[in-house]
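Chemist: Handing you a structure now.
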Amino acid sequence: MSYNLLKGKRGLIFGALNEQSIAWKVAERAVEEGAEIVLTNTAVSIRMGTIDRLAQKCNAPVVAADATSIADLENLIDRAMEHFGGKFDFILHSIGMSLNVRKGRTYDDLDYDYLAKTLDISAISFHKVMQVARRKDALNDWGSIVALSYIAAQRTLYGYNDMADAKALLESIARSFGYIYGREKNIRINTVSQSPTPTTAGSGVMGMQDLMDFAERMSPLGNASAEDCANYVIALFSDLTRKVTMQNLYHDGGFSSMGMSRRAMRTYGKGLCMEFKDVRDNRFPFGRPDE
Ligand SMILES: NC(=O)c1ccc[n+]([C@@H]2O[C@H](COP(=O)([O-])OP(=O)(O)OC[C@H]3O[C@@H](n4cnc5c(N)ncnc54)[C@H](O)[C@@H]3O)[C@@H](O)[C@H]2O)c1
């Protein structure tokens with residue numbers, strides 16, 4: 001269903017690799033809501049993935065750019081402005097990659113060259129995109145910029161590795177740049193902290209299936225899907241959220257506010273040792289009060 005929320009708006013979308021990508025869903029929804037878009041990804045991802053299908057569907061050009069390369073970003077922003085015939089209104093940064101994760105290096109055995117790459121690709125690229133866009137005065141007043149984050153920036157989730165540090169930096173960059181771009185041009189910058197989602201990047205996370213199951217049981221609304229995430233990002237690109245900036249916005253079905261849920265407790269209860277179960281059953285001989 002379309003509400004024409006982005007009618008007349010134009011935007012640049014990083015990170016659509018294949019149909020599972022969160023950026024893919026955002027691109028589809030943005031066009032449904034009336035936006036014109038330019039798509040971008042690395043040359044390798046363009047070759048390996050299926051972004052051309054999305055481009056066709058969205059009637060959008062694809063411009064190759066490595067988001068860590070200033071030269072590539074300058075070319076990308078120029079090409080986007082040429083395509084749009086001027087400035088544009090929104091940017092989605094949907095980029096993440098850790099070589100430490102890929103190569104199986106644990107957090108207490110990090111390769112520091114890989115760590116530098118993780119931070120550059122997954123966080124500093126966000127700063128680079130915005131610095132290049134600002135220098136080229138590429139965005140209209142009241143524009144909106146969103147990057148995707150994860151709760152591992154605030155809480156330790158075993159196995160998320162150096163991506164947790166990258167997400168913490170990403171969220172900090174949103175605040176620091178949000179002040180500058182907001183004061184100057186009323187451009188808002190936020191991060192959306194999304195539920196675990198089955199995508200190519202997501203499948204690289206250690207124990208992803210268990211993590212998704214845990215988050216699903218803990219969240220009163222259940223995990224947010226990539227489609228749900230796209231809807232939220234569209235709202236952030238729309239004029240309905242013009243005073244929201246410098247925020248890390250949880251989009252996780254309530255997970256971030258939970259300590260323990262009944263559904264999760266039941267699961268772990270099944271694994272309790274008999275001794276503990278006896279104690280529990282004696283305390284609540286007629287069943288636990290909330291059962
Ligand atoms: N999947 C999840 O569980 C989850 C949860 C919370 C946040 N996120 C975040 O969402 C974002 C999108 O990931 P996704 O889950 O859709 O997976 P995805 O694999 O579909 O997208 C990751 C994208 O990053 C791109 N990328 C990697 N290096 C790049 C570079 N140097 N320059 C430009 N692009 C580059 C890849 O080509 C790919 O398109 C990431 O920031 C990820 O950390 C994902």
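Residue numbering restarts at 1 for every chain of the structure tokens, chains are lettered A, B, ... in their displayed order, and ligands are numbered from 1 as they appear.
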Could you pull out the residues sitting within 6 Å of ligand 1, using only C-alpha atoms and all ligand atoms, and write them as JSON, numbers by chain?

Modeler: {"A": [15, 16, 17, 21, 22, 23, 41, 42, 45, 66, 67, 68, 94, 95, 96, 97, 121, 148, 149, 150, 193, 194, 195, 196, 197, 198, 199, 200, 201, 202]}

Chemist: With a distance cut-off of 12 Å and only C-alpha atoms, select the neighbouring residues of Met206 of chain A, excluding the residue or stretch itself and same-chain residues fewer than 4 positions from it, and output the selection as a list in words.

Modeler: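 After dropping sequence-adjacent residues, the list is Asn100, Val101, Arg102, Lys103, Gly104, Arg105, Thr106, Tyr107, Leu157, Tyr158, Gly159, Tyr160, Asn161, Met163, Pro196, Ala201, Gly202, Asp210, Leu211 and Met212 of chain A.
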
Chemist: Would you pick out the contacts of Gly11 of chain A at 10 Å or less, using only C-alpha atoms, so that residues sharing its chain but fewer than 3 positions from it are not included, and give the list as a PDB file with C-alpha atoms, in the first residue's frame?

Modeler:
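Resulting contents of part_6.pdb:
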ATOM      1  CA  LEU A   6       8.102  10.316  -0.719  1.00  0.00           C
ATOM      2  CA  ALA A  27      14.583   0.787  -2.474  1.00  0.00           C
ATOM      3  CA  ALA A  30      10.889   4.224  -1.638  1.00  0.00           C
ATOM      4  CA  VAL A  31       9.851   3.897  -5.276  1.00  0.00           C
ATOM      5  CA  ALA A  35      10.638   8.570  -4.851  1.00  0.00           C
ATOM      6  CA  GLU A  36      13.234   8.507  -7.598  1.00  0.00           C
ATOM      7  CA  ILE A  37      16.393   6.681  -6.588  1.00  0.00           C
ATOM      8  CA  VAL A  38      19.997   5.960  -7.541  1.00  0.00           C
ATOM      9  CA  LEU A  39      21.433   2.612  -6.403  1.00  0.00           C
ATOM     10  CA  ALA A  80      23.606  11.063  -8.755  1.00  0.00           C
ATOM     11  CA  MET A  81      23.261  14.854  -9.039  1.00  0.00           C
ATOM     12  CA  PHE A  84      18.500  13.913 -10.635  1.00  0.00           C
ATOM     13  CA  LYS A  87      20.225  18.083  -5.253  1.00  0.00           C
ATOM     14  CA  PHE A  88      18.516  15.144  -3.597  1.00  0.00           C
ATOM     15  CA  ASP A  89      16.711  14.445  -0.332  1.00  0.00           C
ATOM     16  CA  PHE A  90      17.757  11.219   1.346  1.00  0.00           C
ATOM     17  CA  ILE A  91      20.587   8.713   1.733  1.00  0.00           C
ATOM     18  CA  LEU A  92      20.479   5.152   3.081  1.00  0.00           C
ATOM     19  CA  LEU A 139      21.351  17.490  -0.236  1.00  0.00           C
ATOM     20  CA  GLY A 143      16.903  16.066   3.908  1.00  0.00           C
ATOM     21  CA  SER A 144      17.218  12.808   5.846  1.00  0.00           C
ATOM     22  CA  ILE A 145      20.094  10.356   6.242  1.00  0.00           C
ATOM     23  CA  PHE A 237      12.822   9.811   4.921  1.00  0.00           C
TER      24      PHE A 237
END

Chemist: Please measure the separation of atom CA of Arg135 of chain A and atom CA of Glu74 of chain A, giving the value in Å to one decimal.

Modeler: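 A separation of 9.5 Å between them.
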
Chemist: Please report, as a PyMOL selection string, each residue of segment 129-285 of chain A to which DSSP assigns strand (DSSP E or B) when run on this structure's backbone.

Modeler: chain A and resi 139-149+188-194+248-251

Chemist: Considering only C-alpha atoms, state which residue in the set A:Val132, A:Val26, A:Ala224, A:Val146 is at the smallest distance from Phe255 of chain A.

Modeler: A:Ala224

Chemist: Restricting the calculation to only C-alpha atoms, which member of A:Gln154, A:Asn59, A:Thr191, A:Ser122 is positioned closest to Leu236 of chain A?

Modeler: A:Thr191

Chemist: In terms of the shortest atom-to-atom distance over only C-alpha atoms, which of A:Ala43, A:Trp142, A:Asp72, A:Val192 is closest to Ile234 of chain A?

Modeler: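 With only C-alpha atoms as the atom set, the closest residue is A:Val192.
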
Chemist: Where in segment 157-198 of chain A does DSSP assign helix (DSSP H, G or I), given as a PyMOL selection string?

Modeler: chain A and resi 163-185

Chemist: Using only C-alpha atoms, can you tell me which of A:Gln131, A:Thr40, A:Asn75, A:Thr245 comes closest to Val62 of chain A?

Modeler: A:Thr40
